$ cat entry12.cif   # mmCIF, C-alpha atoms and all ligand atoms
data_protein
#
loop_
_atom_site.group_PDB
_atom_site.id
_atom_site.type_symbol
_atom_site.label_atom_id
_atom_site.label_comp_id
_atom_site.auth_asym_id
_atom_site.auth_seq_id
_atom_site.Cartn_x
_atom_site.Cartn_y
_atom_site.Cartn_z
ATOM 1 C CA GLU A 1 -40.221 -24.218 17.239
ATOM 2 C CA GLY A 2 -42.750 -26.927 18.026
ATOM 3 C CA LEU A 3 -42.649 -29.545 20.731
ATOM 4 C CA GLY A 4 -42.320 -32.591 18.471
ATOM 5 C CA PRO A 5 -39.113 -33.732 16.821
ATOM 6 C CA GLN A 6 -37.749 -31.492 14.071
ATOM 7 C CA GLU A 7 -37.542 -33.260 10.681
ATOM 8 C CA TYR A 8 -34.456 -32.080 8.822
ATOM 9 C CA THR A 9 -33.035 -33.026 5.473
ATOM 10 C CA ALA A 10 -29.346 -33.908 5.835
ATOM 11 C CA ILE A 11 -27.442 -32.901 2.699
ATOM 12 C CA LYS A 12 -24.294 -34.838 1.737
ATOM 13 C CA MET A 13 -21.583 -32.452 0.543
ATOM 14 C CA GLU A 14 -18.607 -34.534 -0.600
ATOM 15 C CA VAL A 15 -15.138 -33.158 0.048
ATOM 16 C CA VAL A 16 -13.436 -32.388 -3.264
ATOM 17 C CA GLU A 17 -10.328 -30.724 -1.843
ATOM 18 C CA TRP A 18 -9.404 -30.244 1.811
ATOM 19 C CA SER A 19 -8.274 -26.866 3.115
ATOM 20 C CA GLU A 20 -4.538 -26.611 3.782
ATOM 21 C CA ALA A 21 -5.135 -26.749 7.540
ATOM 22 C CA ALA A 22 -7.364 -29.819 7.333
ATOM 23 C CA ASN A 23 -5.094 -31.593 4.915
ATOM 24 C CA LEU A 24 -2.314 -31.853 7.521
ATOM 25 C CA ALA A 25 -4.688 -33.540 9.943
ATOM 26 C CA VAL A 26 -6.681 -35.821 7.695
ATOM 27 C CA VAL A 27 -4.250 -37.429 5.293
ATOM 28 C CA GLU A 28 -3.866 -41.183 5.877
ATOM 29 C CA LYS A 29 -6.425 -41.365 8.674
ATOM 30 C CA LEU A 30 -9.368 -41.785 6.306
ATOM 31 C CA SER A 31 -8.206 -45.050 4.665
ATOM 32 C CA GLY A 32 -9.726 -44.335 1.283
ATOM 33 C CA ARG A 33 -13.192 -43.408 2.496
ATOM 34 C CA LYS A 34 -15.262 -40.790 0.718
ATOM 35 C CA VAL A 35 -15.820 -37.931 3.161
ATOM 36 C CA PHE A 36 -18.922 -35.689 3.259
ATOM 37 C CA LEU A 37 -19.753 -32.586 5.246
ATOM 38 C CA VAL A 38 -23.380 -33.199 6.240
ATOM 39 C CA ALA A 39 -25.631 -30.138 6.550
ATOM 40 C CA ALA A 40 -29.072 -30.149 8.219
ATOM 41 C CA THR A 41 -31.678 -27.996 6.484
ATOM 42 C CA LEU A 42 -35.397 -27.239 6.811
ATOM 43 C CA ARG A 43 -35.529 -25.831 3.272
ATOM 44 C CA PRO A 44 -34.509 -28.635 0.858
ATOM 45 C CA GLU A 45 -36.321 -26.853 -1.993
ATOM 46 C CA THR A 46 -33.770 -24.028 -1.830
ATOM 47 C CA MET A 47 -30.708 -26.243 -2.436
ATOM 48 C CA TYR A 48 -30.485 -25.025 -6.060
ATOM 49 C CA GLY A 49 -29.216 -21.737 -4.630
ATOM 50 C CA GLN A 50 -26.346 -22.964 -2.437
ATOM 51 C CA THR A 51 -23.316 -20.669 -2.674
ATOM 52 C CA ASN A 52 -21.175 -22.065 0.169
ATOM 53 C CA CYS A 53 -21.315 -24.114 3.334
ATOM 54 C CA PHE A 54 -20.925 -22.804 6.900
ATOM 55 C CA VAL A 55 -19.269 -24.246 9.997
ATOM 56 C CA GLY A 56 -18.780 -22.675 13.433
ATOM 57 C CA PRO A 57 -15.068 -21.717 13.492
ATOM 58 C CA SER A 58 -14.768 -22.320 17.233
ATOM 59 C CA LEU A 59 -16.747 -25.587 17.269
ATOM 60 C CA LYS A 60 -15.286 -29.088 17.399
ATOM 61 C CA TYR A 61 -16.163 -31.531 14.645
ATOM 62 C CA GLY A 62 -15.374 -35.167 14.047
ATOM 63 C CA VAL A 63 -14.961 -37.336 10.985
ATOM 64 C CA PHE A 64 -17.192 -40.339 11.693
ATOM 65 C CA ALA A 65 -17.213 -43.632 9.770
ATOM 66 C CA MET A 66 -20.728 -44.515 8.597
ATOM 67 C CA ASN A 67 -19.744 -47.758 6.843
ATOM 68 C CA ASP A 68 -16.614 -49.133 5.116
ATOM 69 C CA GLU A 69 -16.797 -46.599 2.276
ATOM 70 C CA GLU A 70 -18.073 -43.335 3.729
ATOM 71 C CA ALA A 71 -17.372 -40.926 6.581
ATOM 72 C CA PHE A 72 -19.332 -37.838 7.666
ATOM 73 C CA VAL A 73 -18.064 -34.562 9.110
ATOM 74 C CA CYS A 74 -20.450 -33.285 11.812
ATOM 75 C CA THR A 75 -20.648 -32.730 15.564
ATOM 76 C CA TYR A 76 -20.283 -35.696 17.917
ATOM 77 C CA ARG A 77 -23.839 -35.067 19.033
ATOM 78 C CA ALA A 78 -25.163 -35.465 15.478
ATOM 79 C CA ALA A 79 -23.062 -38.606 14.884
ATOM 80 C CA ARG A 80 -24.646 -40.142 17.972
ATOM 81 C CA ASN A 81 -28.146 -39.301 16.707
ATOM 82 C CA MET A 82 -27.259 -40.818 13.314
ATOM 83 C CA ALA A 83 -26.090 -44.016 14.978
ATOM 84 C CA PHE A 84 -29.609 -44.461 16.369
ATOM 85 C CA GLN A 85 -31.493 -43.465 13.195
ATOM 86 C CA GLY A 86 -30.143 -46.113 10.847
ATOM 87 C CA ILE A 87 -27.986 -43.563 9.017
ATOM 88 C CA SER A 88 -24.785 -45.127 10.302
ATOM 89 C CA LYS A 89 -24.580 -48.814 9.415
ATOM 90 C CA MET A 90 -23.154 -49.606 12.850
ATOM 91 C CA ARG A 91 -26.222 -49.274 15.022
ATOM 92 C CA GLY A 92 -25.557 -47.492 18.297
ATOM 93 C CA GLU A 93 -21.833 -47.430 17.651
ATOM 94 C CA ILE A 94 -19.857 -44.257 17.003
ATOM 95 C CA LYS A 95 -16.556 -44.620 15.175
ATOM 96 C CA GLN A 96 -14.666 -41.328 15.156
ATOM 97 C CA LEU A 97 -11.713 -41.407 12.750
ATOM 98 C CA LEU A 98 -10.418 -38.015 13.809
ATOM 99 C CA GLU A 99 -11.310 -34.706 15.399
ATOM 100 C CA ILE A 100 -11.065 -31.412 13.544
ATOM 101 C CA SER A 101 -11.819 -27.792 14.431
ATOM 102 C CA GLY A 102 -14.296 -25.714 12.470
ATOM 103 C CA SER A 103 -11.587 -23.176 11.681
ATOM 104 C CA ALA A 104 -9.459 -25.907 10.046
ATOM 105 C CA LEU A 105 -12.378 -26.888 7.799
ATOM 106 C CA VAL A 106 -12.703 -23.342 6.394
ATOM 107 C CA GLY A 107 -11.516 -23.193 2.782
ATOM 108 C CA THR A 108 -12.375 -26.833 2.025
ATOM 109 C CA LEU A 109 -14.048 -27.303 -1.369
ATOM 110 C CA VAL A 110 -17.188 -29.476 -1.368
ATOM 111 C CA ASN A 111 -19.837 -30.649 -3.824
ATOM 112 C CA ALA A 112 -23.180 -28.886 -3.366
ATOM 113 C CA PRO A 113 -25.893 -31.348 -4.474
ATOM 114 C CA PHE A 114 -28.586 -29.915 -6.793
ATOM 115 C CA SER A 115 -26.951 -26.461 -6.676
ATOM 116 C CA LEU A 116 -26.400 -24.280 -9.714
ATOM 117 C CA ASN A 117 -22.909 -23.882 -8.203
ATOM 118 C CA PRO A 118 -21.707 -27.495 -8.347
ATOM 119 C CA GLN A 119 -18.789 -26.900 -5.968
ATOM 120 C CA VAL A 120 -18.639 -24.418 -3.082
ATOM 121 C CA TYR A 121 -16.297 -23.466 -0.217
ATOM 122 C CA VAL A 122 -16.618 -23.940 3.520
ATOM 123 C CA LEU A 123 -16.805 -20.579 5.330
ATOM 124 C CA PRO A 124 -17.070 -19.513 9.005
ATOM 125 C CA MET A 125 -20.390 -18.485 10.624
ATOM 126 C CA ASP A 126 -20.200 -17.283 14.230
ATOM 127 C CA THR A 127 -23.846 -18.064 15.013
ATOM 128 C CA VAL A 128 -23.744 -21.805 14.266
ATOM 129 C CA LEU A 129 -25.055 -23.600 17.357
ATOM 130 C CA PRO A 130 -23.393 -26.851 18.487
ATOM 131 C CA SER A 131 -26.741 -27.950 19.934
ATOM 132 C CA LYS A 132 -28.706 -28.004 16.683
ATOM 133 C CA GLY A 133 -28.593 -30.136 13.553
ATOM 134 C CA THR A 134 -25.157 -31.336 12.485
ATOM 135 C CA GLY A 135 -23.229 -28.090 13.139
ATOM 136 C CA VAL A 136 -22.846 -27.772 9.368
ATOM 137 C CA VAL A 137 -25.167 -25.318 7.591
ATOM 138 C CA THR A 138 -25.515 -25.114 3.862
ATOM 139 C CA SER A 139 -25.768 -21.519 2.730
ATOM 140 C CA VAL A 140 -28.503 -20.151 0.490
ATOM 141 C CA PRO A 141 -28.244 -16.333 0.584
ATOM 142 C CA SER A 142 -31.181 -15.879 -1.826
ATOM 143 C CA ASP A 143 -33.648 -17.303 0.718
ATOM 144 C CA SER A 144 -31.945 -17.249 4.127
ATOM 145 C CA PRO A 145 -31.445 -13.829 5.766
ATOM 146 C CA ASP A 146 -28.867 -15.345 8.158
ATOM 147 C CA ASP A 147 -26.780 -16.707 5.285
ATOM 148 C CA CYS A 148 -27.101 -13.430 3.393
ATOM 149 C CA ALA A 149 -26.025 -11.283 6.378
ATOM 150 C CA THR A 150 -23.110 -13.590 7.234
ATOM 151 C CA LEU A 151 -21.778 -13.490 3.688
ATOM 152 C CA THR A 152 -21.957 -9.683 3.733
ATOM 153 C CA ASP A 153 -19.801 -9.697 6.886
ATOM 154 C CA LEU A 154 -17.264 -12.058 5.304
ATOM 155 C CA VAL A 155 -16.986 -10.052 2.091
ATOM 156 C CA LYS A 156 -16.411 -6.837 4.087
ATOM 157 C CA LYS A 157 -13.616 -8.267 6.248
ATOM 158 C CA PRO A 158 -12.015 -11.328 4.626
ATOM 159 C CA ALA A 159 -8.723 -10.928 6.524
ATOM 160 C CA PHE A 160 -10.506 -10.663 9.884
ATOM 161 C CA TYR A 161 -12.448 -13.848 9.138
ATOM 162 C CA LYS A 162 -9.313 -15.556 7.733
ATOM 163 C CA ILE A 163 -10.811 -16.362 4.348
ATOM 164 C CA LYS A 164 -9.791 -15.779 0.743
ATOM 165 C CA PRO A 165 -12.236 -13.303 -0.868
ATOM 166 C CA GLU A 166 -12.861 -15.666 -3.792
ATOM 167 C CA TRP A 167 -14.305 -18.303 -1.422
ATOM 168 C CA ALA A 168 -17.213 -15.928 -0.680
ATOM 169 C CA SER A 169 -17.611 -14.517 -4.182
ATOM 170 C CA PHE A 170 -20.615 -16.569 -5.422
ATOM 171 C CA PRO A 171 -23.603 -14.166 -5.719
ATOM 172 C CA PRO A 172 -27.113 -15.163 -4.549
ATOM 173 C CA THR A 173 -29.046 -16.839 -7.373
ATOM 174 C CA PRO A 174 -32.860 -16.701 -7.737
ATOM 175 C CA VAL A 175 -34.609 -19.911 -6.595
ATOM 176 C CA ILE A 176 -38.094 -18.810 -5.499
ATOM 177 C CA ASN A 177 -40.331 -15.899 -6.523
ATOM 178 C CA THR A 178 -42.735 -14.359 -4.036
ATOM 179 C CA PRO A 179 -45.236 -11.640 -4.961
ATOM 180 C CA GLY A 180 -44.178 -9.364 -2.109
ATOM 181 C CA PHE A 181 -40.385 -9.709 -2.331
ATOM 182 C CA GLY A 182 -39.398 -10.673 -5.894
ATOM 183 C CA ASP A 183 -36.788 -13.298 -6.791
ATOM 184 C CA LEU A 184 -34.303 -12.725 -3.945
ATOM 185 C CA ILE A 185 -36.318 -12.473 -0.736
ATOM 186 C CA ALA A 186 -33.423 -12.614 1.739
ATOM 187 C CA PRO A 187 -31.304 -9.790 0.259
ATOM 188 C CA GLU A 188 -34.529 -7.776 -0.125
ATOM 189 C CA LEU A 189 -35.438 -8.252 3.555
ATOM 190 C CA VAL A 190 -31.884 -7.488 4.691
ATOM 191 C CA LYS A 191 -32.084 -4.233 2.734
ATOM 192 C CA ARG A 192 -35.607 -3.222 3.835
ATOM 193 C CA MET A 193 -34.929 -4.010 7.493
ATOM 194 C CA LYS A 194 -31.458 -2.388 7.390
ATOM 195 C CA ILE A 195 -29.755 -5.492 8.785
ATOM 196 C CA GLN A 196 -26.027 -4.746 9.095
ATOM 197 C CA SER A 197 -24.495 -8.067 10.135
ATOM 198 C CA GLN A 198 -25.014 -11.622 11.386
ATOM 199 C CA LYS A 199 -25.025 -10.136 14.902
ATOM 200 C CA ASP A 200 -28.370 -8.352 14.385
ATOM 201 C CA ALA A 201 -30.126 -11.294 16.016
ATOM 202 C CA LYS A 202 -33.483 -9.685 16.700
ATOM 203 C CA GLN A 203 -34.080 -8.344 13.197
ATOM 204 C CA LEU A 204 -32.727 -11.529 11.665
ATOM 205 C CA ALA A 205 -35.200 -13.629 13.641
ATOM 206 C CA GLU A 206 -38.012 -11.481 12.264
ATOM 207 C CA ALA A 207 -36.658 -11.575 8.709
ATOM 208 C CA LYS A 208 -36.278 -15.360 8.943
ATOM 209 C CA GLU A 209 -39.929 -15.726 9.981
ATOM 210 C CA ILE A 210 -41.168 -13.546 7.107
ATOM 211 C CA ALA A 211 -38.947 -15.317 4.530
ATOM 212 C CA TYR A 212 -40.079 -18.734 5.718
ATOM 213 C CA LYS A 213 -43.827 -17.997 5.655
ATOM 214 C CA GLU A 214 -43.774 -15.933 2.469
ATOM 215 C CA GLY A 215 -41.670 -18.563 0.661
ATOM 216 C CA PHE A 216 -43.730 -21.515 1.850
ATOM 217 C CA TYR A 217 -47.237 -20.114 1.319
ATOM 218 C CA ASN A 218 -46.768 -17.710 -1.590
ATOM 219 C CA GLY A 219 -43.540 -18.808 -3.285
ATOM 220 C CA VAL A 220 -43.166 -20.382 -6.722
ATOM 221 C CA MET A 221 -40.101 -22.337 -7.874
ATOM 222 C CA LEU A 222 -37.986 -20.540 -10.488
ATOM 223 C CA VAL A 223 -35.509 -23.364 -11.195
ATOM 224 C CA GLY A 224 -35.023 -27.127 -11.170
ATOM 225 C CA GLU A 225 -37.218 -30.128 -11.863
ATOM 226 C CA PHE A 226 -40.247 -28.472 -10.218
ATOM 227 C CA LYS A 227 -39.926 -25.051 -11.860
ATOM 228 C CA GLY A 228 -43.306 -23.253 -11.872
ATOM 229 C CA MET A 229 -44.659 -25.310 -8.944
ATOM 230 C CA ARG A 230 -45.745 -23.759 -5.665
ATOM 231 C CA VAL A 231 -43.114 -24.166 -2.932
ATOM 232 C CA GLU A 232 -45.578 -25.884 -0.622
ATOM 233 C CA GLU A 233 -45.919 -28.684 -3.176
ATOM 234 C CA ALA A 234 -42.342 -28.698 -4.458
ATOM 235 C CA LYS A 235 -40.702 -28.924 -1.010
ATOM 236 C CA PRO A 236 -41.440 -32.626 -0.273
ATOM 237 C CA ARG A 237 -40.766 -33.517 -3.912
ATOM 238 C CA VAL A 238 -37.295 -31.949 -3.972
ATOM 239 C CA ARG A 239 -36.535 -33.661 -0.665
ATOM 240 C CA GLU A 240 -37.591 -37.049 -2.020
ATOM 241 C CA ALA A 241 -35.629 -36.529 -5.252
ATOM 242 C CA MET A 242 -32.464 -35.750 -3.266
ATOM 243 C CA ILE A 243 -32.955 -38.803 -1.037
ATOM 244 C CA GLN A 244 -33.627 -41.039 -4.071
ATOM 245 C CA ALA A 245 -30.443 -39.724 -5.725
ATOM 246 C CA GLY A 246 -28.451 -40.722 -2.621
ATOM 247 C CA LEU A 247 -27.535 -37.084 -1.966
ATOM 248 C CA ALA A 248 -29.573 -36.599 1.215
ATOM 249 C CA MET A 249 -31.108 -38.405 4.189
ATOM 250 C CA ALA A 250 -33.940 -37.825 6.624
ATOM 251 C CA TYR A 251 -32.510 -36.686 9.969
ATOM 252 C CA ALA A 252 -34.574 -35.912 13.067
ATOM 253 C CA GLU A 253 -33.841 -34.602 16.562
HETATM 254 B B1 LIG B 301 -31.790 -23.628 6.875
HETATM 255 P P1 LIG B 301 -34.266 -24.526 13.374
HETATM 256 CL CL1 LIG B 301 -32.781 -21.087 2.618
HETATM 257 N N1 LIG B 301 -26.907 -23.415 14.000
HETATM 258 O O1 LIG B 301 -31.298 -24.224 5.648
HETATM 259 C C1 LIG B 301 -27.541 -22.406 13.369
HETATM 260 N N2 LIG B 301 -28.350 -22.584 12.307
HETATM 261 C C2 LIG B 301 -28.511 -23.832 11.859
HETATM 262 C C3 LIG B 301 -27.879 -24.939 12.455
HETATM 263 C C4 LIG B 301 -27.039 -24.692 13.566
HETATM 264 N N3 LIG B 301 -26.388 -25.680 14.203
HETATM 265 N N4 LIG B 301 -28.229 -26.050 11.788
HETATM 266 C C5 LIG B 301 -29.054 -25.664 10.806
HETATM 267 N N5 LIG B 301 -29.230 -24.325 10.827
HETATM 268 C C6 LIG B 301 -30.031 -23.476 9.947
HETATM 269 C C7 LIG B 301 -31.469 -23.335 4.486
HETATM 270 C C8 LIG B 301 -32.394 -22.285 5.004
HETATM 271 C C9 LIG B 301 -32.595 -22.426 6.358
HETATM 272 C C10 LIG B 301 -33.033 -21.292 4.288
HETATM 273 C C11 LIG B 301 -33.879 -20.425 4.950
HETATM 274 C C12 LIG B 301 -34.064 -20.546 6.325
HETATM 275 C C13 LIG B 301 -33.426 -21.564 7.034
HETATM 276 C C14 LIG B 301 -30.127 -22.792 4.048
HETATM 277 N N6 LIG B 301 -29.337 -22.298 5.104
HETATM 278 O O2 LIG B 301 -33.566 -21.722 8.365
HETATM 279 O O3 LIG B 301 -33.825 -23.648 14.478
HETATM 280 C C15 LIG B 301 -30.385 -24.157 8.648
HETATM 281 O O4 LIG B 301 -30.647 -23.195 7.643
HETATM 282 C C16 LIG B 301 -34.433 -20.833 9.043
HETATM 283 C C17 LIG B 301 -35.095 -21.504 10.211
HETATM 284 O O5 LIG B 301 -34.042 -25.994 13.608
HETATM 285 C C18 LIG B 301 -31.724 -24.826 8.903
HETATM 286 O O6 LIG B 301 -32.482 -24.629 7.671
HETATM 287 O O7 LIG B 301 -35.650 -24.166 12.974
HETATM 288 C C19 LIG B 301 -32.295 -24.062 10.055
HETATM 289 O O8 LIG B 301 -31.260 -23.214 10.575
HETATM 290 C C20 LIG B 301 -32.802 -24.939 11.187
HETATM 291 O O9 LIG B 301 -33.297 -24.083 12.183
#
$ encode --input "entry12.cif" --output "structure tokens"
Amino acid sequence: EGLGPQEYTAIKMEVVEWSEAANLAVVEKLSGRKVFLVAATLRPETMYGQTNCFVGPSLKYGVFAMNDEEAFVCTYRAARNMAFQGISKMRGEIKQLLEISGSALVGTLVNAPFSLNPQVYVLPMDTVLPSKGTGVVTSVPSDSPDDCATLTDLVKKPAFYKIKPEWASFPPTPVINTPGFGDLIAPELVKRMKIQSQKDAKQLAEAKEIAYKEGFYNGVMLVGEFKGMRVEEAKPRVREAMIQAGLAMAYAE
């Protein structure tokens, strides 16, 4: 990580259906607002391959009003940053409609903008940091070793993780081809490096580095508006297209 601010793309994932646990807490408190889980990503060009969305099950989230029509689910920390970046319409002011735990969000169905899976489920990821991004991570197991390893854990032990198996049943879909690793770089790296779970932090850090560099410098888009284009060139274009469509925002910290 560099010393300057990190430029993320914040992806708006609208709630289609709340989990049972969330539903008890949220009904009536939202006064007709559209609610979005907002995920911070460094890889907007991979959004075609979203299969789910992750939250930290033991983290605290809020539902924050951004204007009269919309509210965002994220950490308090991220809501405060948004209030000073012109994302919230009430500059410097944080309006929390309610607080909700990550575990209560699990099982919520959300829209996944630009994804080949138009709607995906919220699942738990133990390694989500409260100190980074929005605390919401969109999951792309084709290109993110962390997402791939976490999903493998969830599929192995759905009862332990308190999820329904069908919530984690979307397979990775090819988004980027690289000469060295084919169409599904993350599963390939997880296999080659014998990564067993999301807890294999050291190997995952290495796999993440390889996937990032290989994808960025040698990858070619397999899907979407910029199919056939090199990732290096497609990345800012996909980002801009998502922002233009009102499905994403620039977010820095
Ligand atoms: B990335 P950096 Cl396909 N805790 O998005 C843990 N991880 C978080 C997070 C948090 N609070 N907030 C964001 N992230 C993840 C896509 C992706 C990402 C792909 C490949 C690699 C990759 C889909 N998940 O990240 O520490 C988000 O996952 C590898 C670096 O600020 C975000 O981008 O550099 C990335 O980590 C931000 O990590």
$ closest_atom_pairs --input "entry12.cif" --of "chain A" --to "ligand LIG 301 (chain B)" --cutoff "8 Å" --atoms "all atoms listed in the file" --output "JSON lines"
{"residue": "A:Glu1", "atom": "CA", "partner": "B:LIG301", "partner_atom": "O7", "distance": 6.3}
{"residue": "A:Gln6", "atom": "CA", "partner": "B:LIG301", "partner_atom": "O5", "distance": 6.6}
{"residue": "A:Tyr8", "atom": "CA", "partner": "B:LIG301", "partner_atom": "C20", "distance": 7.7}
{"residue": "A:Ala39", "atom": "CA", "partner": "B:LIG301", "partner_atom": "C5", "distance": 7.1}
{"residue": "A:Ala40", "atom": "CA", "partner": "B:LIG301", "partner_atom": "C5", "distance": 5.2}
{"residue": "A:Thr41", "atom": "CA", "partner": "B:LIG301", "partner_atom": "O6", "distance": 3.7}
{"residue": "A:Leu42", "atom": "CA", "partner": "B:LIG301", "partner_atom": "O6", "distance": 4.0}
{"residue": "A:Arg43", "atom": "CA", "partner": "B:LIG301", "partner_atom": "C7", "distance": 4.9}
{"residue": "A:Pro44", "atom": "CA", "partner": "B:LIG301", "partner_atom": "C7", "distance": 7.1}
{"residue": "A:Thr46", "atom": "CA", "partner": "B:LIG301", "partner_atom": "CL1", "distance": 5.4}
{"residue": "A:Met47", "atom": "CA", "partner": "B:LIG301", "partner_atom": "C14", "distance": 7.4}
{"residue": "A:Gln50", "atom": "CA", "partner": "B:LIG301", "partner_atom": "C14", "distance": 7.5}
{"residue": "A:Thr127", "atom": "CA", "partner": "B:LIG301", "partner_atom": "C1", "distance": 5.9}
{"residue": "A:Val128", "atom": "CA", "partner": "B:LIG301", "partner_atom": "N1", "distance": 3.6}
{"residue": "A:Leu129", "atom": "CA", "partner": "B:LIG301", "partner_atom": "N1", "distance": 3.8}
{"residue": "A:Pro130", "atom": "CA", "partner": "B:LIG301", "partner_atom": "N3", "distance": 5.4}
{"residue": "A:Ser131", "atom": "CA", "partner": "B:LIG301", "partner_atom": "N3", "distance": 6.2}
{"residue": "A:Lys132", "atom": "CA", "partner": "B:LIG301", "partner_atom": "N3", "distance": 4.1}
{"residue": "A:Gly133", "atom": "CA", "partner": "B:LIG301", "partner_atom": "N4", "distance": 4.5}
{"residue": "A:Thr134", "atom": "CA", "partner": "B:LIG301", "partner_atom": "N3", "distance": 6.0}
{"residue": "A:Gly135", "atom": "CA", "partner": "B:LIG301", "partner_atom": "N3", "distance": 4.1}
{"residue": "A:Val136", "atom": "CA", "partner": "B:LIG301", "partner_atom": "N4", "distance": 6.1}
{"residue": "A:Val137", "atom": "CA", "partner": "B:LIG301", "partner_atom": "C5", "distance": 5.1}
{"residue": "A:Thr138", "atom": "CA", "partner": "B:LIG301", "partner_atom": "N6", "distance": 4.9}
{"residue": "A:Ser139", "atom": "CA", "partner": "B:LIG301", "partner_atom": "N6", "distance": 4.4}
{"residue": "A:Val140", "atom": "CA", "partner": "B:LIG301", "partner_atom": "C14", "distance": 4.7}
{"residue": "A:Pro141", "atom": "CA", "partner": "B:LIG301", "partner_atom": "CL1", "distance": 6.9}
{"residue": "A:Ser142", "atom": "CA", "partner": "B:LIG301", "partner_atom": "CL1", "distance": 7.0}
{"residue": "A:Asp143", "atom": "CA", "partner": "B:LIG301", "partner_atom": "CL1", "distance": 4.3}
{"residue": "A:Ser144", "atom": "CA", "partner": "B:LIG301", "partner_atom": "C11", "distance": 3.8}
{"residue": "A:Pro145", "atom": "CA", "partner": "B:LIG301", "partner_atom": "C11", "distance": 7.1}
{"residue": "A:Asp146", "atom": "CA", "partner": "B:LIG301", "partner_atom": "C12", "distance": 7.6}
{"residue": "A:Asp147", "atom": "CA", "partner": "B:LIG301", "partner_atom": "N6", "distance": 6.2}
{"residue": "A:Lys208", "atom": "CA", "partner": "B:LIG301", "partner_atom": "C16", "distance": 5.8}
{"residue": "A:Glu209", "atom": "CA", "partner": "B:LIG301", "partner_atom": "C17", "distance": 7.5}
{"residue": "A:Ala211", "atom": "CA", "partner": "B:LIG301", "partner_atom": "C11", "distance": 7.2}
{"residue": "A:Tyr212", "atom": "CA", "partner": "B:LIG301", "partner_atom": "C12", "distance": 6.3}
$ resolve_selection --input "entry12.cif" --expression "the PyMOL selection byres (((chain A and resi 107) around 8) and not hetatm)" --output "MDAnalysis selection string"
chainID A and resid 18:20 105:106 108:109 121:123 163:164 167
$ residues_around --input "entry12.cif" --residues "Ile94 in chain A" --least-positions-apart "3" --cutoff "7 Å" --atoms "only C-alpha atoms" --output "PyMOL selection string"
chain A and resi 79-80+83
$ atom_distance --input "entry12.cif" --atom1 "CA of Ser115 in chain A" --atom2 "CA of Asp183 in chain A"
16.4 Å
$ residues_around --input "entry12.cif" --residues "Met242 in chain A" --least-positions-apart "6" --cutoff "10 Å" --atoms "only C-alpha atoms" --output "MDAnalysis selection string"
chainID A and resid 9:12 44:45 47 113:114 236 248:249
$ residues_around --input "entry12.cif" --residues "Ala234 in chain A" --least-positions-apart "5" --cutoff "9 Å" --atoms "only C-alpha atoms" --output "MDAnalysis selection string"
chainID A and resid 45 220:221 226:227 229 239
$ atom_distance --input "entry12.cif" --atom1 "CA of Met13 in chain A" --atom2 "CA of Ile185 in chain A"
24.9 Å
$ atom_distance --input "entry12.cif" --atom1 "CA of Lys194 in chain A" --atom2 "CA of Lys156 in chain A"
16.0 Å
$ closest_residue --input "entry12.cif" --among "A:Ile87, A:Glu7, A:Val55, A:Tyr48" --to "Asn67 in chain A" --atoms "all atoms listed in the file"
A:Ile87
$ resolve_selection --input "entry12.cif" --expression "the PyMOL selection byres (((chain A and resi 66) around 9) and not hetatm)" --output "mmCIF file with C-alpha atoms, keeping the file's coordinate frame"
data_model
loop_
_atom_site.group_PDB
_atom_site.id
_atom_site.type_symbol
_atom_site.label_atom_id
_atom_site.label_comp_id
_atom_site.auth_asym_id
_atom_site.auth_seq_id
_atom_site.Cartn_x
_atom_site.Cartn_y
_atom_site.Cartn_z
ATOM 1 C CA PHE A 64 -17.192 -40.339 11.693
ATOM 2 C CA ALA A 65 -17.213 -43.632 9.770
ATOM 3 C CA ASN A 67 -19.744 -47.758 6.843
ATOM 4 C CA ASP A 68 -16.614 -49.133 5.116
ATOM 5 C CA GLU A 69 -16.797 -46.599 2.276
ATOM 6 C CA GLU A 70 -18.073 -43.335 3.729
ATOM 7 C CA ALA A 71 -17.372 -40.926 6.581
ATOM 8 C CA PHE A 72 -19.332 -37.838 7.666
ATOM 9 C CA ALA A 79 -23.062 -38.606 14.884
ATOM 10 C CA MET A 82 -27.259 -40.818 13.314
ATOM 11 C CA ALA A 83 -26.090 -44.016 14.978
ATOM 12 C CA ILE A 87 -27.986 -43.563 9.017
ATOM 13 C CA SER A 88 -24.785 -45.127 10.302
ATOM 14 C CA LYS A 89 -24.580 -48.814 9.415
ATOM 15 C CA MET A 90 -23.154 -49.606 12.850
ATOM 16 C CA ILE A 94 -19.857 -44.257 17.003
ATOM 17 C CA LYS A 95 -16.556 -44.620 15.175
#
$ closest_residue --input "entry12.cif" --among "A:Val120, A:Val175, A:Leu97, A:Leu204" --to "Arg230 in chain A" --atoms "all atoms listed in the file"
A:Val175
$ closest_residue --input "entry12.cif" --among "A:Ala241, A:Cys74, A:Leu116, A:Ile210" --to "Val190 in chain A" --atoms "only C-alpha atoms"
A:Ile210
$ residues_near_point --input "entry12.cif" --point "(-26.2, -10.1, 11.6)" --cutoff "6 Å" --atoms "only C-alpha atoms" --output "ChimeraX atom specification"
/A:149,196-200
$ resolve_selection --input "entry12.cif" --expression "the PyMOL selection byres (((chain A and resi 219) around 8) and not hetatm)" --output "MDAnalysis selection string"
chainID A and resid 176:179 214:218 220:221 230:232
$ closest_residue --input "entry12.cif" --among "A:Pro118, A:Pro174, A:Pro124, A:Gly180" --to "Leu154 in chain A" --atoms "only C-alpha atoms"
A:Pro124
$ axis_aligned_box --input "entry12.cif" --around "range 153-159 of chain A" --padding-each-side "3 Å" --output "JSON"
{"center_x": -14.3, "center_y": -9.4, "center_z": 4.5, "size_x": 17.1, "size_y": 11.2, "size_z": 10.8}
$ closest_residue --input "entry12.cif" --among "A:Arg77, A:Gly49, A:Gln85, A:Gln119" --to "Ala186 in chain A" --atoms "all atoms listed in the file"
A:Gly49
